[in-house]
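Dropping start-v7.pdb in here (PDB, C-alpha atoms and all ligand atoms):
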```
ATOM      1  CA  MET A 796     -29.452  78.670 -35.796  1.00  0.00           C
ATOM      2  CA  ILE A 797     -31.714  77.424 -33.014  1.00  0.00           C
ATOM      3  CA  SER A 798     -35.236  76.606 -34.250  1.00  0.00           C
ATOM      4  CA  MET A 799     -38.226  75.186 -32.423  1.00  0.00           C
ATOM      5  CA  ILE A 800     -40.903  73.005 -33.974  1.00  0.00           C
ATOM      6  CA  TRP A 801     -44.204  71.975 -32.435  1.00  0.00           C
ATOM      7  CA  ALA A 802     -47.908  71.416 -33.079  1.00  0.00           C
ATOM      8  CA  MET A 803     -50.599  72.880 -30.848  1.00  0.00           C
ATOM      9  CA  ASP A 804     -54.370  73.077 -30.875  1.00  0.00           C
ATOM     10  CA  GLU A 805     -56.522  76.194 -30.482  1.00  0.00           C
ATOM     11  CA  ASN A 806     -55.998  76.086 -26.678  1.00  0.00           C
ATOM     12  CA  TRP A 807     -52.213  75.627 -27.057  1.00  0.00           C
ATOM     13  CA  LEU A 808     -52.522  71.955 -26.057  1.00  0.00           C
ATOM     14  CA  ILE A 809     -49.463  69.893 -27.097  1.00  0.00           C
ATOM     15  CA  GLY A 810     -49.596  66.619 -25.144  1.00  0.00           C
ATOM     16  CA  LYS A 811     -51.666  63.949 -23.489  1.00  0.00           C
ATOM     17  CA  ASP A 812     -50.138  61.439 -21.045  1.00  0.00           C
ATOM     18  CA  ASN A 813     -46.709  61.889 -22.652  1.00  0.00           C
ATOM     19  CA  LEU A 814     -48.037  61.264 -26.158  1.00  0.00           C
ATOM     20  CA  LEU A 815     -49.420  63.536 -28.859  1.00  0.00           C
ATOM     21  CA  PRO A 816     -53.168  64.136 -28.298  1.00  0.00           C
ATOM     22  CA  TRP A 817     -53.917  63.481 -31.987  1.00  0.00           C
ATOM     23  CA  HIS A 818     -52.809  61.806 -35.198  1.00  0.00           C
ATOM     24  CA  TYR A 819     -52.401  64.105 -38.207  1.00  0.00           C
ATOM     25  CA  ALA A 820     -50.482  62.369 -40.999  1.00  0.00           C
ATOM     26  CA  LYS A 821     -49.752  65.717 -42.687  1.00  0.00           C
ATOM     27  CA  ASP A 822     -48.160  67.091 -39.544  1.00  0.00           C
ATOM     28  CA  LEU A 823     -46.089  63.954 -38.944  1.00  0.00           C
ATOM     29  CA  ALA A 824     -44.863  64.166 -42.543  1.00  0.00           C
ATOM     30  CA  TYR A 825     -44.010  67.867 -42.057  1.00  0.00           C
ATOM     31  CA  PHE A 826     -42.159  67.148 -38.799  1.00  0.00           C
ATOM     32  CA  LYS A 827     -40.242  64.333 -40.494  1.00  0.00           C
ATOM     33  CA  LYS A 828     -39.355  66.485 -43.504  1.00  0.00           C
ATOM     34  CA  MET A 829     -38.058  69.322 -41.330  1.00  0.00           C
ATOM     35  CA  THR A 830     -36.080  67.255 -38.794  1.00  0.00           C
ATOM     36  CA  GLN A 831     -34.878  64.140 -40.619  1.00  0.00           C
ATOM     37  CA  GLY A 832     -31.082  63.950 -40.494  1.00  0.00           C
ATOM     38  CA  GLN A 833     -30.903  67.160 -38.421  1.00  0.00           C
ATOM     39  CA  SER A 834     -29.481  67.696 -34.955  1.00  0.00           C
ATOM     40  CA  VAL A 835     -32.328  67.879 -32.452  1.00  0.00           C
ATOM     41  CA  LEU A 836     -32.625  68.632 -28.752  1.00  0.00           C
ATOM     42  CA  MET A 837     -35.425  67.117 -26.697  1.00  0.00           C
ATOM     43  CA  GLY A 838     -36.310  66.585 -23.047  1.00  0.00           C
ATOM     44  CA  ASP A 839     -36.214  63.191 -21.429  1.00  0.00           C
ATOM     45  CA  MET A 840     -39.999  62.810 -21.489  1.00  0.00           C
ATOM     46  CA  THR A 841     -40.163  63.536 -25.210  1.00  0.00           C
ATOM     47  CA  TYR A 842     -37.344  61.053 -25.838  1.00  0.00           C
ATOM     48  CA  GLN A 843     -39.371  58.370 -23.988  1.00  0.00           C
ATOM     49  CA  SER A 844     -42.448  59.351 -25.963  1.00  0.00           C
ATOM     50  CA  LEU A 845     -40.662  59.144 -29.352  1.00  0.00           C
ATOM     51  CA  LYS A 846     -39.148  55.780 -28.414  1.00  0.00           C
ATOM     52  CA  SER A 847     -42.657  54.460 -27.757  1.00  0.00           C
ATOM     53  CA  TYR A 848     -43.671  55.548 -31.287  1.00  0.00           C
ATOM     54  CA  TYR A 849     -40.518  54.274 -33.042  1.00  0.00           C
ATOM     55  CA  LYS A 850     -40.188  51.112 -30.866  1.00  0.00           C
ATOM     56  CA  THR A 851     -37.073  49.251 -32.136  1.00  0.00           C
ATOM     57  CA  LYS A 852     -36.559  51.525 -35.164  1.00  0.00           C
ATOM     58  CA  PRO A 853     -33.801  54.144 -34.843  1.00  0.00           C
ATOM     59  CA  LEU A 854     -34.847  57.748 -34.363  1.00  0.00           C
ATOM     60  CA  PRO A 855     -34.664  59.524 -37.755  1.00  0.00           C
ATOM     61  CA  PHE A 856     -32.495  62.433 -36.634  1.00  0.00           C
ATOM     62  CA  GLY A 857     -28.859  63.067 -37.512  1.00  0.00           C
ATOM     63  CA  LYS A 858     -27.900  63.623 -33.898  1.00  0.00           C
ATOM     64  CA  SER A 859     -30.156  63.502 -30.836  1.00  0.00           C
ATOM     65  CA  TYR A 860     -29.411  65.538 -27.736  1.00  0.00           C
ATOM     66  CA  VAL A 861     -31.497  64.503 -24.713  1.00  0.00           C
ATOM     67  CA  ALA A 862     -31.781  66.838 -21.731  1.00  0.00           C
ATOM     68  CA  ASN A 863     -32.195  65.540 -18.212  1.00  0.00           C
ATOM     69  CA  ILE A 864     -30.822  66.717 -14.900  1.00  0.00           C
ATOM     70  CA  SER A 865     -30.793  63.217 -13.420  1.00  0.00           C
ATOM     71  CA  ASP A 866     -27.780  62.059 -15.489  1.00  0.00           C
ATOM     72  CA  VAL A 867     -29.582  59.394 -17.497  1.00  0.00           C
ATOM     73  CA  ASP A 868     -27.571  58.455 -20.606  1.00  0.00           C
ATOM     74  CA  TYR A 869     -28.930  56.719 -23.715  1.00  0.00           C
ATOM     75  CA  PRO A 870     -26.852  54.828 -26.297  1.00  0.00           C
ATOM     76  CA  ASP A 871     -28.443  56.661 -29.260  1.00  0.00           C
ATOM     77  CA  ALA A 872     -28.250  60.193 -27.819  1.00  0.00           C
ATOM     78  CA  VAL A 873     -25.888  62.777 -26.409  1.00  0.00           C
ATOM     79  CA  HIS A 874     -26.732  63.694 -22.826  1.00  0.00           C
ATOM     80  CA  VAL A 875     -27.358  67.366 -21.996  1.00  0.00           C
ATOM     81  CA  LYS A 876     -27.214  67.912 -18.249  1.00  0.00           C
ATOM     82  CA  ASN A 877     -27.541  71.678 -18.322  1.00  0.00           C
ATOM     83  CA  ILE A 878     -29.467  73.222 -21.172  1.00  0.00           C
ATOM     84  CA  PHE A 879     -28.062  76.711 -20.512  1.00  0.00           C
ATOM     85  CA  GLU A 880     -24.479  75.386 -20.847  1.00  0.00           C
ATOM     86  CA  PHE A 881     -25.589  73.660 -24.031  1.00  0.00           C
ATOM     87  CA  PHE A 882     -26.817  76.918 -25.570  1.00  0.00           C
ATOM     88  CA  ARG A 883     -23.639  78.704 -24.490  1.00  0.00           C
ATOM     89  CA  HIS A 884     -21.435  76.296 -26.425  1.00  0.00           C
ATOM     90  CA  VAL A 885     -23.514  74.934 -29.301  1.00  0.00           C
ATOM     91  CA  ASP A 886     -22.139  75.797 -32.747  1.00  0.00           C
ATOM     92  CA  GLU A 887     -24.447  73.809 -35.042  1.00  0.00           C
ATOM     93  CA  ASP A 888     -28.022  74.196 -36.257  1.00  0.00           C
ATOM     94  CA  ILE A 889     -30.455  72.656 -33.783  1.00  0.00           C
ATOM     95  CA  PHE A 890     -34.155  71.898 -33.867  1.00  0.00           C
ATOM     96  CA  ILE A 891     -35.804  71.939 -30.448  1.00  0.00           C
ATOM     97  CA  ILE A 892     -38.466  69.221 -30.605  1.00  0.00           C
ATOM     98  CA  GLY A 893     -40.042  69.380 -27.153  1.00  0.00           C
ATOM     99  CA  GLY A 894     -41.582  68.955 -24.821  1.00  0.00           C
ATOM    100  CA  LYS A 895     -43.177  71.663 -22.746  1.00  0.00           C
ATOM    101  CA  THR A 896     -40.287  72.101 -20.278  1.00  0.00           C
ATOM    102  CA  ILE A 897     -37.617  72.171 -22.955  1.00  0.00           C
ATOM    103  CA  TYR A 898     -39.644  74.521 -25.191  1.00  0.00           C
ATOM    104  CA  GLU A 899     -40.037  76.930 -22.301  1.00  0.00           C
ATOM    105  CA  LEU A 900     -36.307  76.889 -21.454  1.00  0.00           C
ATOM    106  CA  SER A 901     -35.241  77.121 -25.126  1.00  0.00           C
ATOM    107  CA  LEU A 902     -37.552  79.885 -26.336  1.00  0.00           C
ATOM    108  CA  PRO A 903     -35.201  82.788 -25.396  1.00  0.00           C
ATOM    109  CA  PHE A 904     -32.409  81.153 -27.442  1.00  0.00           C
ATOM    110  CA  SER A 905     -34.545  80.347 -30.501  1.00  0.00           C
ATOM    111  CA  LYS A 906     -34.570  82.439 -33.658  1.00  0.00           C
ATOM    112  CA  ARG A 907     -37.085  80.533 -35.758  1.00  0.00           C
ATOM    113  CA  LEU A 908     -40.384  78.900 -34.785  1.00  0.00           C
ATOM    114  CA  TYR A 909     -42.161  76.259 -36.883  1.00  0.00           C
ATOM    115  CA  ILE A 910     -45.677  76.101 -35.466  1.00  0.00           C
ATOM    116  CA  THR A 911     -48.384  73.776 -36.698  1.00  0.00           C
ATOM    117  CA  TYR A 912     -51.778  75.112 -35.662  1.00  0.00           C
ATOM    118  CA  VAL A 913     -54.367  72.361 -35.222  1.00  0.00           C
ATOM    119  CA  LEU A 914     -57.661  74.140 -35.846  1.00  0.00           C
ATOM    120  CA  LYS A 915     -59.638  72.190 -33.227  1.00  0.00           C
ATOM    121  CA  ALA A 916     -59.828  71.658 -29.473  1.00  0.00           C
ATOM    122  CA  HIS A 917     -58.455  68.273 -28.377  1.00  0.00           C
ATOM    123  CA  GLU A 918     -58.248  66.624 -24.954  1.00  0.00           C
ATOM    124  CA  GLY A 919     -54.993  66.414 -23.080  1.00  0.00           C
ATOM    125  CA  ASN A 920     -52.935  67.664 -20.155  1.00  0.00           C
ATOM    126  CA  VAL A 921     -49.789  69.429 -21.441  1.00  0.00           C
ATOM    127  CA  TYR A 922     -49.945  72.950 -22.858  1.00  0.00           C
ATOM    128  CA  PHE A 923     -47.365  75.086 -24.640  1.00  0.00           C
ATOM    129  CA  PRO A 924     -46.278  77.849 -22.225  1.00  0.00           C
ATOM    130  CA  LYS A 925     -47.893  81.166 -23.198  1.00  0.00           C
ATOM    131  CA  PHE A 926     -45.536  83.705 -24.781  1.00  0.00           C
ATOM    132  CA  ASP A 927     -45.730  86.899 -26.820  1.00  0.00           C
ATOM    133  CA  LEU A 928     -45.903  85.950 -30.501  1.00  0.00           C
ATOM    134  CA  SER A 929     -45.777  89.630 -31.493  1.00  0.00           C
ATOM    135  CA  GLN A 930     -41.992  89.419 -30.904  1.00  0.00           C
ATOM    136  CA  TYR A 931     -41.856  87.298 -34.074  1.00  0.00           C
ATOM    137  CA  LYS A 932     -42.685  88.029 -37.694  1.00  0.00           C
ATOM    138  CA  LEU A 933     -44.522  85.530 -39.854  1.00  0.00           C
ATOM    139  CA  ILE A 934     -42.296  84.481 -42.761  1.00  0.00           C
ATOM    140  CA  ASP A 935     -44.280  81.574 -44.216  1.00  0.00           C
ATOM    141  CA  LYS A 936     -47.790  80.131 -43.937  1.00  0.00           C
ATOM    142  CA  LYS A 937     -49.531  77.178 -45.606  1.00  0.00           C
ATOM    143  CA  ILE A 938     -53.006  75.823 -44.894  1.00  0.00           C
ATOM    144  CA  GLU A 939     -53.725  72.122 -45.457  1.00  0.00           C
ATOM    145  CA  GLU A 940     -56.499  69.823 -44.185  1.00  0.00           C
ATOM    146  CA  GLY A 941     -57.383  71.701 -40.977  1.00  0.00           C
ATOM    147  CA  LEU A 942     -53.776  72.562 -40.182  1.00  0.00           C
ATOM    148  CA  ILE A 943     -51.831  75.794 -40.571  1.00  0.00           C
ATOM    149  CA  PHE A 944     -48.086  75.406 -41.018  1.00  0.00           C
ATOM    150  CA  ALA A 945     -46.579  78.737 -39.948  1.00  0.00           C
ATOM    151  CA  VAL A 946     -42.958  79.826 -39.709  1.00  0.00           C
ATOM    152  CA  TYR A 947     -41.874  82.824 -37.622  1.00  0.00           C
ATOM    153  CA  GLU A 948     -38.587  84.596 -37.110  1.00  0.00           C
ATOM    154  CA  ARG A 949     -37.622  86.672 -34.096  1.00  0.00           C
ATOM    155  CA  LYS A 950     -37.948  90.395 -34.971  1.00  0.00           C
ATOM    156  CA  ASN A 951     -34.772  91.618 -33.278  1.00  0.00           C
ATOM    157  CA  SER A 952     -32.502  89.045 -34.940  1.00  0.00           C
TER     158      SER A 952
HETATM  159  N1  LIG B1001     -47.254  68.744 -29.817  1.00  0.00           N
HETATM  160  C1  LIG B1001     -45.946  68.719 -30.000  1.00  0.00           C
HETATM  161  O1  LIG B1001     -45.434  69.227 -31.008  1.00  0.00           O
HETATM  162  C2  LIG B1001     -45.087  68.058 -28.977  1.00  0.00           C
HETATM  163  C3  LIG B1001     -43.708  67.899 -29.226  1.00  0.00           C
HETATM  164  C4  LIG B1001     -42.916  67.287 -28.241  1.00  0.00           C
HETATM  165  C5  LIG B1001     -43.485  66.866 -27.061  1.00  0.00           C
HETATM  166  N2  LIG B1001     -44.812  67.031 -26.866  1.00  0.00           N
HETATM  167  C6  LIG B1001     -45.439  66.603 -25.616  1.00  0.00           C
HETATM  168  O2  LIG B1001     -44.825  67.254 -24.499  1.00  0.00           O
HETATM  169  C7  LIG B1001     -44.991  66.442 -23.352  1.00  0.00           C
HETATM  170  C8  LIG B1001     -43.669  66.297 -22.623  1.00  0.00           C
HETATM  171  O3  LIG B1001     -43.252  67.561 -22.092  1.00  0.00           O
HETATM  172  P1  LIG B1001     -42.566  67.626 -20.639  1.00  0.00           P
HETATM  173  O4  LIG B1001     -42.428  69.062 -20.278  1.00  0.00           O
HETATM  174  O5  LIG B1001     -43.309  66.732 -19.701  1.00  0.00           O
HETATM  175  O6  LIG B1001     -41.143  66.915 -20.835  1.00  0.00           O
HETATM  176  P2  LIG B1001     -39.836  67.266 -21.730  1.00  0.00           P
HETATM  177  O7  LIG B1001     -39.717  68.728 -21.963  1.00  0.00           O
HETATM  178  O8  LIG B1001     -39.806  66.356 -22.905  1.00  0.00           O
HETATM  179  O9  LIG B1001     -38.673  66.767 -20.759  1.00  0.00           O
HETATM  180  C9  LIG B1001     -38.479  67.370 -19.528  1.00  0.00           C
HETATM  181  C10 LIG B1001     -37.068  67.007 -19.049  1.00  0.00           C
HETATM  182  O10 LIG B1001     -36.257  68.172 -19.045  1.00  0.00           O
HETATM  183  C11 LIG B1001     -35.237  67.972 -18.072  1.00  0.00           C
HETATM  184  N3  LIG B1001     -34.764  69.293 -17.657  1.00  0.00           N
HETATM  185  C12 LIG B1001     -35.443  70.261 -16.984  1.00  0.00           C
HETATM  186  N4  LIG B1001     -34.666  71.353 -16.809  1.00  0.00           N
HETATM  187  C13 LIG B1001     -33.475  71.076 -17.399  1.00  0.00           C
HETATM  188  C14 LIG B1001     -32.252  71.784 -17.552  1.00  0.00           C
HETATM  189  N5  LIG B1001     -32.099  73.037 -17.069  1.00  0.00           N
HETATM  190  N6  LIG B1001     -31.227  71.204 -18.219  1.00  0.00           N
HETATM  191  C15 LIG B1001     -31.357  69.959 -18.698  1.00  0.00           C
HETATM  192  N7  LIG B1001     -32.494  69.214 -18.593  1.00  0.00           N
HETATM  193  C16 LIG B1001     -33.529  69.764 -17.943  1.00  0.00           C
HETATM  194  C17 LIG B1001     -35.904  67.196 -16.942  1.00  0.00           C
HETATM  195  O11 LIG B1001     -34.933  66.336 -16.425  1.00  0.00           O
HETATM  196  P3  LIG B1001     -35.113  65.404 -15.096  1.00  0.00           P
HETATM  197  O12 LIG B1001     -36.013  64.275 -15.519  1.00  0.00           O
HETATM  198  O13 LIG B1001     -33.744  64.912 -14.762  1.00  0.00           O
HETATM  199  O14 LIG B1001     -35.717  66.311 -14.058  1.00  0.00           O
HETATM  200  C18 LIG B1001     -37.059  66.458 -17.653  1.00  0.00           C
HETATM  201  O15 LIG B1001     -36.810  65.070 -17.783  1.00  0.00           O
HETATM  202  C19 LIG B1001     -45.553  65.115 -23.860  1.00  0.00           C
HETATM  203  O16 LIG B1001     -46.953  65.046 -23.661  1.00  0.00           O
HETATM  204  C20 LIG B1001     -45.253  65.125 -25.343  1.00  0.00           C
HETATM  205  O17 LIG B1001     -46.158  64.324 -26.093  1.00  0.00           O
HETATM  206  C21 LIG B1001     -45.617  67.622 -27.797  1.00  0.00           C
END
```
Is it possible to express this structure as structure tokens?
Amino acid sequence: MISMIWAMDENWLIGKDNLLPWHYAKDLAYFKKMTQGQSVLMGDMTYQSLKSYYKTKPLPFGKSYVANISDVDYPDAVHVKNIFEFFRHVDEDIFIIGGKTIYELSLPFSKRLYITYVLKAHEGNVYFPKFDLSQYKLIDKKIEEGLIFAVYERKNS
């Protein structure tokens, strides 16, 4: 199954200068719990961003796929040159972990969405691309410390 996971504020903001616009320990813990040891797909910018957080520590995923068109290869990741080819052939569960470009391209292929709603307006410059959430049904929802952890599944799946 292809799943996407992200956190966004009340204006659908997700990023600031290639970093997260905020620090919410609960959301980081949730992200870690959901993706640790899993296969994940991310864009090149998000890979750079995560590396700046983890520094010399290894990324906590089972397998990291990194998408870029410019043929940049990393020793700790599998290169994805064409995301559409990737979705045509993938036969394992994948979490899409960002960023904006890769979320937008992956949404049509994704069955489950893990959205953390940050119940505030933050400052930043990268927004989640608008889409029709009514195509999804809410299957789980938890509220904790100003955050809503919601899980949706595509209705026609
Ligand atoms: N709030 C959250 O949950 C969350 C999660 C993750 C990321 N973010 C934020 O999102 C922002 C980064 O998003 P972004 O859109 O700038 O970058 P991104 O999605 O991480 O990466 C974009 C990359 O996708 C590659 N690409 C584009 N089309 C492709 C295709 N068809 N096949 C393969 N690769 C393709 C591009 O490659 P080329 O470089 O070769 O053109 C580009 O490097 C940051 O601010 C980050 O903090 C937020």
Legend entry - Selection near Phe944 (chain A), 10 Å with only C-alpha atoms, sequence-local residues under 4 positions removed, as an MDAnalysis selection string: chainID A and resid 802 821:822 825 909:913 935:939
Save out the residues we just selected, C-alpha atoms, as a PDB file, in the coordinates of the input.
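The resulting file, result26.pdb, is reproduced below:
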```pdb
ATOM      1  CA  ALA A 802     -47.908  71.416 -33.079  1.00  0.00           C
ATOM      2  CA  LYS A 821     -49.752  65.717 -42.687  1.00  0.00           C
ATOM      3  CA  ASP A 822     -48.160  67.091 -39.544  1.00  0.00           C
ATOM      4  CA  TYR A 825     -44.010  67.867 -42.057  1.00  0.00           C
ATOM      5  CA  TYR A 909     -42.161  76.259 -36.883  1.00  0.00           C
ATOM      6  CA  ILE A 910     -45.677  76.101 -35.466  1.00  0.00           C
ATOM      7  CA  THR A 911     -48.384  73.776 -36.698  1.00  0.00           C
ATOM      8  CA  TYR A 912     -51.778  75.112 -35.662  1.00  0.00           C
ATOM      9  CA  VAL A 913     -54.367  72.361 -35.222  1.00  0.00           C
ATOM     10  CA  ASP A 935     -44.280  81.574 -44.216  1.00  0.00           C
ATOM     11  CA  LYS A 936     -47.790  80.131 -43.937  1.00  0.00           C
ATOM     12  CA  LYS A 937     -49.531  77.178 -45.606  1.00  0.00           C
ATOM     13  CA  ILE A 938     -53.006  75.823 -44.894  1.00  0.00           C
ATOM     14  CA  GLU A 939     -53.725  72.122 -45.457  1.00  0.00           C
TER      15      GLU A 939
END
```
Legend entry - Contacts of ligand LIG 1001 (chain B), 8 Å or closer, only C-alpha atoms and all ligand atoms, given as a count of residues only: 44
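Nearest residue to Thr851 (chain A) among A:Asp871, A:Lys906, A:His884, A:Phe826 is A:Asp871, counting only C-alpha atoms.
With CA of Met799 (chain A) on one side and CA of Ile891 (chain A) on the other, the separation reads 4.5 Å.
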Inset, instruction - Go ahead and compute the interatomic distance for CA of Phe923 (chain A) and CA of Glu899 (chain A), in Å to one decimal. - result: 7.9 Å
Legend entry - Distance in Å - CA of Ala916 (chain A) versus CA of Val946 (chain A): 21.4 Å
Legend entry - Non-local contacts of Phe904 (chain A) (9 Å; only C-alpha atoms; under 2 positions in same chain excluded) as a PyMOL selection string: chain A and resi 797-798+882+900-902+906
Atoms to include: C-alpha atoms. Write the selected residues as a compact mmCIF listing (two decimals), keeping the file's coordinate frame.
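Saved the output as part.txt:
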```txt
# COMPACT_ATOMS: atom_id res chain seq x y z
CA ILE A 797 -31.71 77.42 -33.01
CA SER A 798 -35.24 76.61 -34.25
CA PHE A 882 -26.82 76.92 -25.57
CA LEU A 900 -36.31 76.89 -21.45
CA SER A 901 -35.24 77.12 -25.13
CA LEU A 902 -37.55 79.89 -26.34
CA LYS A 906 -34.57 82.44 -33.66
```
Edge lengths and centre in Å to one decimal, as JSON, of the axis-aligned box that encloses all listed atoms of region 937-945 of chain A with 4 Å added on every side?
```
{"center_x": -52.0, "center_y": 74.3, "center_z": -42.8, "size_x": 18.8, "size_y": 16.9, "size_z": 13.7}
```
Inset, instruction - Enumerate, as a ChimeraX atom specification, the protein, DNA and RNA residues whose atoms approach (-41.2, 90.0, -35.0) to within 10 Å, taking into account all atoms listed in the file and the coordinate frame of the file. - result: /A:927-934,947-952
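For the set A:Lys850, A:Glu918, A:Glu805, A:Val835, the residue with the smallest atom-to-atom gap to Val885 (chain A) is A:Val835, counting only C-alpha atoms.
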Inset, instruction - Check the smallest atom-to-atom distance from each of A:Met829, A:Leu914, A:Asp886, A:His818 to Leu942 (chain A) using only C-alpha atoms, then report the winner. - result: A:Leu914
